[in-house]
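Chemist: For reference, this is model00.cif, and it has mmCIF, N, CA and C atoms.
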data_target
loop_
_atom_site.label_atom_id
_atom_site.label_comp_id
_atom_site.auth_asym_id
_atom_site.auth_seq_id
_atom_site.Cartn_x
_atom_site.Cartn_y
_atom_site.Cartn_z
N MET A 1 48.12 36.76 5.24
CA MET A 1 48.29 35.83 4.16
C MET A 1 48.33 34.38 4.68
N SER A 2 49.03 34.14 5.78
CA SER A 2 49.10 32.79 6.32
C SER A 2 47.74 32.35 6.87
N ASP A 3 46.95 33.32 7.41
CA ASP A 3 45.59 32.99 7.86
C ASP A 3 44.73 32.52 6.69
N GLU A 4 44.95 33.16 5.55
CA GLU A 4 44.19 32.79 4.36
C GLU A 4 44.56 31.38 3.90
N ARG A 5 45.87 31.07 3.94
CA ARG A 5 46.34 29.73 3.57
C ARG A 5 45.83 28.68 4.56
N GLU A 6 45.86 29.00 5.81
CA GLU A 6 45.36 28.09 6.84
C GLU A 6 43.87 27.81 6.64
N HIS A 7 43.13 28.87 6.36
CA HIS A 7 41.69 28.73 6.12
C HIS A 7 41.43 27.86 4.88
N LEU A 8 42.21 28.07 3.82
CA LEU A 8 42.07 27.29 2.59
C LEU A 8 42.41 25.82 2.85
N ARG A 9 43.45 25.57 3.63
CA ARG A 9 43.84 24.19 3.96
C ARG A 9 42.73 23.51 4.75
N LYS A 10 42.14 24.20 5.72
CA LYS A 10 41.04 23.64 6.50
C LYS A 10 39.82 23.37 5.62
N TYR A 11 39.57 24.30 4.70
CA TYR A 11 38.42 24.14 3.80
C TYR A 11 38.59 22.91 2.91
N LYS A 12 39.81 22.71 2.36
CA LYS A 12 40.07 21.54 1.53
C LYS A 12 39.94 20.25 2.34
N GLY A 13 40.41 20.28 3.58
CA GLY A 13 40.26 19.12 4.45
C GLY A 13 38.79 18.83 4.73
N TYR A 14 38.02 19.89 4.94
CA TYR A 14 36.58 19.74 5.17
C TYR A 14 35.89 19.14 3.95
N ARG A 15 36.27 19.63 2.75
CA ARG A 15 35.67 19.10 1.52
C ARG A 15 36.00 17.63 1.34
N ARG A 16 37.25 17.25 1.63
CA ARG A 16 37.65 15.84 1.53
C ARG A 16 36.84 14.98 2.49
N CYS A 17 36.65 15.48 3.69
CA CYS A 17 35.87 14.75 4.70
C CYS A 17 34.43 14.60 4.25
N MET A 18 33.84 15.65 3.72
CA MET A 18 32.45 15.59 3.25
C MET A 18 32.33 14.63 2.06
N TYR A 19 33.34 14.63 1.20
CA TYR A 19 33.32 13.74 0.04
C TYR A 19 33.33 12.28 0.51
N LYS A 20 34.17 11.97 1.51
CA LYS A 20 34.22 10.61 2.04
C LYS A 20 32.90 10.22 2.68
N GLU A 21 32.27 11.15 3.41
CA GLU A 21 30.97 10.87 4.02
C GLU A 21 29.91 10.61 2.95
N GLU A 22 29.93 11.41 1.88
CA GLU A 22 28.97 11.20 0.79
C GLU A 22 29.18 9.85 0.12
N GLN A 23 30.43 9.49 -0.08
CA GLN A 23 30.74 8.19 -0.68
C GLN A 23 30.24 7.05 0.21
N ALA A 24 30.46 7.18 1.51
CA ALA A 24 30.01 6.14 2.44
C ALA A 24 28.49 6.05 2.44
N LYS A 25 27.80 7.20 2.39
CA LYS A 25 26.34 7.21 2.36
C LYS A 25 25.82 6.58 1.07
N MET A 26 26.45 6.89 -0.06
CA MET A 26 26.04 6.30 -1.34
C MET A 26 26.23 4.79 -1.33
N LYS A 27 27.34 4.32 -0.75
CA LYS A 27 27.59 2.89 -0.67
C LYS A 27 26.54 2.21 0.21
N ARG A 28 26.22 2.84 1.33
CA ARG A 28 25.21 2.31 2.24
C ARG A 28 23.84 2.25 1.54
N ASN A 29 23.50 3.29 0.78
CA ASN A 29 22.22 3.31 0.06
C ASN A 29 22.16 2.22 -1.01
N LYS A 30 23.28 1.98 -1.69
CA LYS A 30 23.32 0.92 -2.69
C LYS A 30 23.11 -0.45 -2.05
N ILE A 31 23.71 -0.64 -0.90
CA ILE A 31 23.55 -1.92 -0.19
C ILE A 31 22.09 -2.09 0.24
N ILE A 32 21.49 -1.04 0.76
CA ILE A 32 20.08 -1.11 1.17
C ILE A 32 19.18 -1.38 -0.03
N PHE A 33 19.43 -0.70 -1.15
CA PHE A 33 18.62 -0.89 -2.34
C PHE A 33 18.79 -2.31 -2.89
N GLY A 34 20.03 -2.80 -2.92
CA GLY A 34 20.27 -4.18 -3.37
C GLY A 34 19.58 -5.19 -2.47
N GLY A 35 19.60 -4.94 -1.16
CA GLY A 35 18.90 -5.81 -0.22
C GLY A 35 17.40 -5.79 -0.44
N THR A 36 16.87 -4.61 -0.76
CA THR A 36 15.43 -4.49 -1.03
C THR A 36 15.06 -5.27 -2.28
N LEU A 37 15.88 -5.14 -3.33
CA LEU A 37 15.61 -5.91 -4.55
C LEU A 37 15.70 -7.41 -4.30
N LEU A 38 16.66 -7.82 -3.47
CA LEU A 38 16.78 -9.23 -3.12
C LEU A 38 15.55 -9.71 -2.36
N CYS A 39 15.03 -8.89 -1.45
CA CYS A 39 13.82 -9.24 -0.71
C CYS A 39 12.62 -9.35 -1.65
N VAL A 40 12.51 -8.42 -2.61
CA VAL A 40 11.42 -8.48 -3.59
C VAL A 40 11.52 -9.77 -4.40
N PHE A 41 12.74 -10.11 -4.82
CA PHE A 41 12.93 -11.35 -5.57
C PHE A 41 12.49 -12.56 -4.74
N CYS A 42 12.91 -12.61 -3.48
CA CYS A 42 12.56 -13.75 -2.63
C CYS A 42 11.05 -13.85 -2.39
N VAL A 43 10.41 -12.72 -2.14
CA VAL A 43 8.96 -12.73 -1.92
C VAL A 43 8.24 -13.19 -3.19
N MET A 44 8.65 -12.67 -4.34
CA MET A 44 8.01 -13.08 -5.60
C MET A 44 8.26 -14.56 -5.89
N LEU A 45 9.44 -15.03 -5.56
CA LEU A 45 9.74 -16.45 -5.77
C LEU A 45 8.84 -17.32 -4.89
N ILE A 46 8.68 -16.93 -3.64
CA ILE A 46 7.81 -17.69 -2.74
C ILE A 46 6.36 -17.68 -3.24
N LEU A 47 5.88 -16.51 -3.62
CA LEU A 47 4.50 -16.41 -4.11
C LEU A 47 4.30 -17.20 -5.40
N THR A 48 5.27 -17.17 -6.29
CA THR A 48 5.16 -17.93 -7.53
C THR A 48 5.21 -19.43 -7.26
N CYS A 49 6.01 -19.84 -6.30
CA CYS A 49 6.07 -21.26 -5.95
C CYS A 49 4.75 -21.74 -5.34
N MET A 50 4.06 -20.84 -4.66
CA MET A 50 2.78 -21.21 -4.03
C MET A 50 1.61 -21.22 -5.02
N THR A 51 1.82 -20.67 -6.22
CA THR A 51 0.74 -20.60 -7.21
C THR A 51 0.74 -21.87 -8.05
N PRO A 52 -0.37 -22.62 -8.04
CA PRO A 52 -0.42 -23.84 -8.86
C PRO A 52 -0.77 -23.53 -10.31
N LEU A 53 -0.66 -24.54 -11.15
CA LEU A 53 -1.14 -24.40 -12.52
C LEU A 53 -2.66 -24.34 -12.49
N LEU A 54 -3.23 -23.46 -13.30
CA LEU A 54 -4.68 -23.29 -13.31
C LEU A 54 -5.24 -23.71 -14.66
N VAL A 55 -6.51 -23.44 -14.89
CA VAL A 55 -7.28 -23.96 -16.02
C VAL A 55 -6.58 -23.81 -17.37
N ASP A 56 -6.31 -22.58 -17.80
CA ASP A 56 -5.74 -22.41 -19.13
C ASP A 56 -4.28 -22.84 -19.22
N ASP A 57 -3.60 -22.96 -18.07
CA ASP A 57 -2.23 -23.47 -18.09
C ASP A 57 -2.21 -24.90 -18.63
N TYR A 58 -3.19 -25.69 -18.22
CA TYR A 58 -3.25 -27.07 -18.69
C TYR A 58 -3.55 -27.13 -20.19
N SER A 59 -4.41 -26.25 -20.68
CA SER A 59 -4.71 -26.28 -22.11
C SER A 59 -3.50 -25.87 -22.95
N TYR A 60 -2.67 -24.98 -22.43
CA TYR A 60 -1.48 -24.57 -23.17
C TYR A 60 -0.34 -25.57 -23.07
N CYS A 61 -0.49 -26.61 -22.25
CA CYS A 61 0.49 -27.68 -22.22
C CYS A 61 0.41 -28.55 -23.49
N PHE A 62 -0.72 -28.45 -24.18
CA PHE A 62 -0.95 -29.27 -25.37
C PHE A 62 -0.96 -28.41 -26.62
N SER A 63 -0.62 -29.03 -27.73
CA SER A 63 -0.55 -28.32 -29.01
C SER A 63 -1.95 -27.95 -29.50
N TYR A 64 -2.06 -26.78 -30.09
CA TYR A 64 -3.33 -26.36 -30.67
C TYR A 64 -3.54 -26.98 -32.04
N ALA A 65 -2.49 -27.53 -32.64
CA ALA A 65 -2.62 -28.22 -33.92
C ALA A 65 -3.27 -29.58 -33.71
N ASP A 66 -2.86 -30.25 -32.65
CA ASP A 66 -3.41 -31.57 -32.31
C ASP A 66 -3.62 -31.57 -30.80
N ARG A 67 -4.85 -31.44 -30.34
CA ARG A 67 -5.14 -31.24 -28.91
C ARG A 67 -4.73 -32.41 -28.02
N THR A 68 -4.25 -33.50 -28.60
CA THR A 68 -3.87 -34.66 -27.78
C THR A 68 -2.36 -34.74 -27.55
N GLN A 69 -1.59 -33.99 -28.31
CA GLN A 69 -0.13 -34.06 -28.22
C GLN A 69 0.40 -33.00 -27.26
N ARG A 70 1.18 -33.44 -26.27
CA ARG A 70 1.79 -32.52 -25.32
C ARG A 70 2.99 -31.82 -25.97
N ILE A 71 3.20 -30.55 -25.64
CA ILE A 71 4.33 -29.77 -26.16
C ILE A 71 5.62 -30.32 -25.55
N THR A 72 6.56 -30.70 -26.45
CA THR A 72 7.84 -31.24 -25.96
C THR A 72 9.05 -30.56 -26.58
N SER A 73 8.84 -29.71 -27.60
CA SER A 73 9.99 -29.08 -28.26
C SER A 73 9.58 -27.71 -28.81
N ILE A 74 10.59 -26.96 -29.22
CA ILE A 74 10.36 -25.65 -29.83
C ILE A 74 9.57 -25.80 -31.14
N LYS A 75 9.86 -26.87 -31.88
CA LYS A 75 9.14 -27.13 -33.12
C LYS A 75 7.64 -27.31 -32.84
N ASP A 76 7.32 -28.02 -31.77
CA ASP A 76 5.91 -28.20 -31.39
C ASP A 76 5.24 -26.86 -31.09
N ILE A 77 5.98 -25.96 -30.47
CA ILE A 77 5.43 -24.64 -30.13
C ILE A 77 5.12 -23.86 -31.41
N ILE A 78 6.03 -23.91 -32.38
CA ILE A 78 5.83 -23.19 -33.64
C ILE A 78 4.59 -23.71 -34.36
N VAL A 79 4.45 -25.03 -34.46
CA VAL A 79 3.29 -25.62 -35.12
C VAL A 79 2.01 -25.28 -34.35
N SER A 80 2.08 -25.34 -33.04
CA SER A 80 0.91 -25.03 -32.21
C SER A 80 0.49 -23.58 -32.36
N MET A 81 1.46 -22.67 -32.40
CA MET A 81 1.12 -21.24 -32.51
C MET A 81 0.59 -20.89 -33.90
N ALA A 82 1.01 -21.63 -34.92
CA ALA A 82 0.44 -21.40 -36.25
C ALA A 82 -1.04 -21.76 -36.24
N ALA A 83 -1.40 -22.86 -35.59
CA ALA A 83 -2.80 -23.25 -35.48
C ALA A 83 -3.55 -22.32 -34.52
N HIS A 84 -2.90 -21.90 -33.46
CA HIS A 84 -3.51 -21.01 -32.47
C HIS A 84 -3.88 -19.67 -33.10
N ARG A 85 -3.02 -19.16 -33.96
CA ARG A 85 -3.27 -17.87 -34.62
C ARG A 85 -4.53 -17.94 -35.48
N LYS A 86 -4.76 -19.09 -36.09
CA LYS A 86 -5.92 -19.24 -36.96
C LYS A 86 -7.21 -19.49 -36.19
N THR A 87 -7.11 -20.18 -35.07
CA THR A 87 -8.33 -20.57 -34.35
C THR A 87 -8.68 -19.66 -33.17
N MET A 88 -7.68 -19.10 -32.50
CA MET A 88 -7.96 -18.32 -31.28
C MET A 88 -7.76 -16.82 -31.49
N ASN A 89 -6.50 -16.39 -31.44
CA ASN A 89 -6.19 -14.97 -31.58
C ASN A 89 -4.76 -14.79 -32.08
N GLY A 90 -4.31 -13.58 -32.21
CA GLY A 90 -2.99 -13.30 -32.77
C GLY A 90 -1.90 -13.07 -31.76
N ARG A 91 -2.14 -13.37 -30.50
CA ARG A 91 -1.11 -13.14 -29.47
C ARG A 91 -0.11 -14.29 -29.46
N VAL A 92 0.60 -14.42 -30.53
CA VAL A 92 1.50 -15.55 -30.74
C VAL A 92 2.72 -15.48 -29.83
N PHE A 93 3.33 -14.32 -29.69
CA PHE A 93 4.57 -14.21 -28.91
C PHE A 93 4.32 -14.56 -27.43
N SER A 94 3.31 -13.95 -26.84
CA SER A 94 3.06 -14.20 -25.41
C SER A 94 2.65 -15.64 -25.15
N HIS A 95 1.82 -16.20 -26.03
CA HIS A 95 1.40 -17.59 -25.82
C HIS A 95 2.53 -18.58 -26.15
N SER A 96 3.46 -18.17 -27.01
CA SER A 96 4.65 -19.00 -27.25
C SER A 96 5.49 -19.09 -25.97
N LEU A 97 5.62 -17.95 -25.29
CA LEU A 97 6.36 -17.97 -24.01
C LEU A 97 5.65 -18.85 -22.98
N VAL A 98 4.33 -18.76 -22.95
CA VAL A 98 3.57 -19.61 -22.02
C VAL A 98 3.84 -21.07 -22.32
N GLN A 99 3.74 -21.46 -23.59
CA GLN A 99 3.97 -22.86 -23.93
C GLN A 99 5.42 -23.27 -23.68
N PHE A 100 6.35 -22.35 -23.92
CA PHE A 100 7.75 -22.67 -23.65
C PHE A 100 7.98 -22.95 -22.17
N PHE A 101 7.47 -22.09 -21.30
CA PHE A 101 7.69 -22.30 -19.87
C PHE A 101 6.89 -23.47 -19.32
N LEU A 102 5.74 -23.78 -19.92
CA LEU A 102 4.99 -24.95 -19.49
C LEU A 102 5.66 -26.25 -19.92
N MET A 103 6.51 -26.16 -20.93
CA MET A 103 7.26 -27.32 -21.40
C MET A 103 8.37 -27.67 -20.39
N LEU A 104 8.87 -26.66 -19.69
CA LEU A 104 9.97 -26.83 -18.73
C LEU A 104 9.43 -27.15 -17.34
N PRO A 105 10.29 -27.59 -16.42
CA PRO A 105 9.84 -27.77 -15.03
C PRO A 105 9.38 -26.44 -14.42
N LYS A 106 8.40 -26.50 -13.51
CA LYS A 106 7.81 -25.29 -12.95
C LYS A 106 8.83 -24.45 -12.18
N GLY A 107 9.83 -25.06 -11.60
CA GLY A 107 10.86 -24.33 -10.85
C GLY A 107 11.60 -23.32 -11.70
N ILE A 108 11.83 -23.65 -12.95
CA ILE A 108 12.51 -22.71 -13.85
C ILE A 108 11.63 -21.50 -14.09
N PHE A 109 10.34 -21.74 -14.32
CA PHE A 109 9.41 -20.62 -14.50
C PHE A 109 9.36 -19.76 -13.24
N ASN A 110 9.36 -20.38 -12.08
CA ASN A 110 9.29 -19.63 -10.82
C ASN A 110 10.44 -18.63 -10.71
N VAL A 111 11.65 -19.08 -11.03
CA VAL A 111 12.82 -18.20 -10.96
C VAL A 111 12.71 -17.08 -11.99
N PHE A 112 12.35 -17.42 -13.23
CA PHE A 112 12.23 -16.40 -14.27
C PHE A 112 11.13 -15.38 -13.94
N ASN A 113 10.04 -15.83 -13.38
CA ASN A 113 8.95 -14.92 -13.03
C ASN A 113 9.37 -13.95 -11.93
N ALA A 114 10.04 -14.47 -10.90
CA ALA A 114 10.52 -13.61 -9.82
C ALA A 114 11.58 -12.62 -10.33
N LEU A 115 12.45 -13.10 -11.21
CA LEU A 115 13.47 -12.24 -11.79
C LEU A 115 12.83 -11.15 -12.66
N ASN A 116 11.82 -11.52 -13.42
CA ASN A 116 11.12 -10.55 -14.26
C ASN A 116 10.46 -9.46 -13.42
N ALA A 117 9.82 -9.83 -12.33
CA ALA A 117 9.18 -8.84 -11.45
C ALA A 117 10.22 -7.91 -10.83
N THR A 118 11.35 -8.46 -10.44
CA THR A 118 12.41 -7.66 -9.84
C THR A 118 13.01 -6.69 -10.85
N ILE A 119 13.26 -7.15 -12.05
CA ILE A 119 13.81 -6.28 -13.10
C ILE A 119 12.81 -5.20 -13.47
N LEU A 120 11.53 -5.54 -13.54
CA LEU A 120 10.50 -4.54 -13.83
C LEU A 120 10.47 -3.46 -12.76
N LEU A 121 10.57 -3.85 -11.51
CA LEU A 121 10.61 -2.88 -10.41
C LEU A 121 11.85 -1.99 -10.51
N TYR A 122 13.00 -2.58 -10.82
CA TYR A 122 14.24 -1.82 -10.94
C TYR A 122 14.16 -0.82 -12.09
N VAL A 123 13.67 -1.26 -13.25
CA VAL A 123 13.57 -0.37 -14.40
C VAL A 123 12.58 0.77 -14.13
N THR A 124 11.48 0.46 -13.47
CA THR A 124 10.51 1.50 -13.10
C THR A 124 11.16 2.52 -12.17
N TRP A 125 11.93 2.05 -11.21
CA TRP A 125 12.62 2.95 -10.28
C TRP A 125 13.62 3.83 -11.03
N ARG A 126 14.35 3.23 -11.99
CA ARG A 126 15.34 4.01 -12.76
C ARG A 126 14.66 5.13 -13.56
N TYR A 127 13.53 4.80 -14.19
CA TYR A 127 12.82 5.83 -14.97
C TYR A 127 12.21 6.89 -14.07
N ALA A 128 11.69 6.50 -12.93
CA ALA A 128 11.10 7.46 -12.00
C ALA A 128 12.16 8.38 -11.40
N ARG A 129 13.34 7.83 -11.21
CA ARG A 129 14.44 8.60 -10.62
C ARG A 129 14.98 9.64 -11.59
N GLY A 130 14.93 9.31 -12.87
CA GLY A 130 15.35 10.29 -13.88
C GLY A 130 16.71 10.11 -14.40
#
Could you take the file, read its structure, and then write that structure out as structure tokens?

Modeler:
Amino acid sequence: MSDEREHLRKYKGYRRCMYKEEQAKMKRNKIIFGGTLLCVFCVMLILTCMTPLLVDDYSYCFSYADRTQRITSIKDIIVSMAAHRKTMNGRVFSHSLVQFFLMLPKGIFNVFNALNATILLYVTWRYARG
């Protein structure tokens, strides 16, 4: 009977030890994954900073209602997208975001773009993991 108790005590100690090892491994994996996401963010930020404004970026800096007026407010974006929907296409939401970010300094867009890529990668990983 005492051998059985001794064996049970050793088994419980072994389980506790394994649990601590698993916890340490999970913590280490979280740190590695967080570091990987941070690296992805940094790489995307660098790449976005290196990308200049191109042809259609300049056209979206100006209102589609009046091609000479530069976008300076949310109201300008709404008026521009109303004219854009009639003359170009119906992709109002995505082009509104383009005009919104072109209204702001490029550095703000750079951070949001890198953050968006990182979040997209994280969400994809979560869905793939199950």

Chemist: Name the residues in contact with range 32-43 of chain A at a cut-off of 12 Å, using only C-alpha atoms, excluding same-chain residues fewer than 6 positions from it; report them as a VMD selection string.

Modeler: chain A and resid 25 to 26 49 to 50 110 to 123 125 to 126

Chemist: Please define a box with edges along x, y and z of the file around all atoms of range 77-94 of chain A given in the file, extend it by 8 Å on each side, and return its centre and edge lengths in Å to one decimal, as JSON.

Modeler:
{"center_x": -1.3, "center_y": -19.5, "center_z": -31.1, "size_x": 30.7, "size_y": 28.9, "size_z": 27.8}

Chemist: Could you jot down the atom C of Tyr64 in chain A to atom C of Val79 in chain A separation for me, Å, one decimal place?

Modeler: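 Going from atom C of Tyr64 in chain A over to atom C of Val79 in chain A covers 6.2 Å.
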
Chemist: When distances are computed from only N, CA and C atoms, which of A:Ser80, A:Asn89, A:Ser96, A:Gln23 shows the smallest separation from Asp66 in chain A?

Modeler: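 Among the listed residues, A:Ser80 lies closest to Asp66 in chain A.
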
Chemist: Please indicate the distance in Å from CA of Ala65 in chain A to CA of Ala83 in chain A, rounded to one decimal place.

Modeler: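 Distance reported for this atom pair: 5.2 Å.
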
Chemist: Applying the PyMOL selection byres (((chain A and resi 72 and name CA) around 12) and name CA) to the file I just gave you, which residues come out? Please list them as an mmCIF file with N, CA and C atoms, in the frame of the given file.

Modeler:
data_model
loop_
_atom_site.group_PDB
_atom_site.id
_atom_site.type_symbol
_atom_site.label_atom_id
_atom_site.label_comp_id
_atom_site.auth_asym_id
_atom_site.auth_seq_id
_atom_site.Cartn_x
_atom_site.Cartn_y
_atom_site.Cartn_z
ATOM 1 N N TYR A 60 -2.670 -24.980 -22.430
ATOM 2 C CA TYR A 60 -1.480 -24.570 -23.170
ATOM 3 C C TYR A 60 -0.340 -25.570 -23.070
ATOM 4 N N CYS A 61 -0.490 -26.610 -22.250
ATOM 5 C CA CYS A 61 0.490 -27.680 -22.220
ATOM 6 C C CYS A 61 0.410 -28.550 -23.490
ATOM 7 N N PHE A 62 -0.720 -28.450 -24.180
ATOM 8 C CA PHE A 62 -0.950 -29.270 -25.370
ATOM 9 C C PHE A 62 -0.960 -28.410 -26.620
ATOM 10 N N SER A 63 -0.620 -29.030 -27.730
ATOM 11 C CA SER A 63 -0.550 -28.320 -29.010
ATOM 12 C C SER A 63 -1.950 -27.950 -29.500
ATOM 13 N N GLN A 69 -1.590 -33.990 -28.310
ATOM 14 C CA GLN A 69 -0.130 -34.060 -28.220
ATOM 15 C C GLN A 69 0.400 -33.000 -27.260
ATOM 16 N N ARG A 70 1.180 -33.440 -26.270
ATOM 17 C CA ARG A 70 1.790 -32.520 -25.320
ATOM 18 C C ARG A 70 2.990 -31.820 -25.970
ATOM 19 N N ILE A 71 3.200 -30.550 -25.640
ATOM 20 C CA ILE A 71 4.330 -29.770 -26.160
ATOM 21 C C ILE A 71 5.620 -30.320 -25.550
ATOM 22 N N SER A 73 8.840 -29.710 -27.600
ATOM 23 C CA SER A 73 9.990 -29.080 -28.260
ATOM 24 C C SER A 73 9.580 -27.710 -28.810
ATOM 25 N N ILE A 74 10.590 -26.960 -29.220
ATOM 26 C CA ILE A 74 10.360 -25.650 -29.830
ATOM 27 C C ILE A 74 9.570 -25.800 -31.140
ATOM 28 N N LYS A 75 9.860 -26.870 -31.880
ATOM 29 C CA LYS A 75 9.140 -27.130 -33.120
ATOM 30 C C LYS A 75 7.640 -27.310 -32.840
ATOM 31 N N ASP A 76 7.320 -28.020 -31.770
ATOM 32 C CA ASP A 76 5.910 -28.200 -31.390
ATOM 33 C C ASP A 76 5.240 -26.860 -31.090
ATOM 34 N N ILE A 77 5.980 -25.960 -30.470
ATOM 35 C CA ILE A 77 5.430 -24.640 -30.130
ATOM 36 C C ILE A 77 5.120 -23.860 -31.410
ATOM 37 N N ILE A 78 6.030 -23.910 -32.380
ATOM 38 C CA ILE A 78 5.830 -23.190 -33.640
ATOM 39 C C ILE A 78 4.590 -23.710 -34.360
ATOM 40 N N VAL A 79 4.450 -25.030 -34.460
ATOM 41 C CA VAL A 79 3.290 -25.620 -35.120
ATOM 42 C C VAL A 79 2.010 -25.280 -34.350
ATOM 43 N N SER A 80 2.080 -25.340 -33.040
ATOM 44 C CA SER A 80 0.910 -25.030 -32.210
ATOM 45 C C SER A 80 0.490 -23.580 -32.360
ATOM 46 N N GLN A 99 3.740 -21.460 -23.590
ATOM 47 C CA GLN A 99 3.970 -22.860 -23.930
ATOM 48 C C GLN A 99 5.420 -23.270 -23.680
ATOM 49 N N PHE A 100 6.350 -22.350 -23.920
ATOM 50 C CA PHE A 100 7.750 -22.670 -23.650
ATOM 51 C C PHE A 100 7.980 -22.950 -22.170
ATOM 52 N N PHE A 101 7.470 -22.090 -21.300
ATOM 53 C CA PHE A 101 7.690 -22.300 -19.870
ATOM 54 C C PHE A 101 6.890 -23.470 -19.320
ATOM 55 N N LEU A 102 5.740 -23.780 -19.920
ATOM 56 C CA LEU A 102 4.990 -24.950 -19.490
ATOM 57 C C LEU A 102 5.660 -26.250 -19.920
ATOM 58 N N MET A 103 6.510 -26.160 -20.930
ATOM 59 C CA MET A 103 7.260 -27.320 -21.400
ATOM 60 C C MET A 103 8.370 -27.670 -20.390
ATOM 61 N N LEU A 104 8.870 -26.660 -19.690
ATOM 62 C CA LEU A 104 9.970 -26.830 -18.730
ATOM 63 C C LEU A 104 9.430 -27.150 -17.340
ATOM 64 N N PRO A 105 10.290 -27.590 -16.420
ATOM 65 C CA PRO A 105 9.840 -27.770 -15.030
ATOM 66 C C PRO A 105 9.380 -26.440 -14.420
#

Chemist: If you run DSSP over the backbone, which residues in range 5-122 of chain A end up helix (DSSP H, G or I)? Put them as a ChimeraX atom specification.

Modeler: /A:5-50,55-59,74-87,92-103,106-122

Chemist: For the atom pair atom C of Phe109 in chain A and atom N of Leu97 in chain A, what is the interatomic distance in Å to one decimal place?

Modeler: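 Answer for the atom C of Phe109 in chain A to atom N of Leu97 in chain A separation: 12.7 Å.
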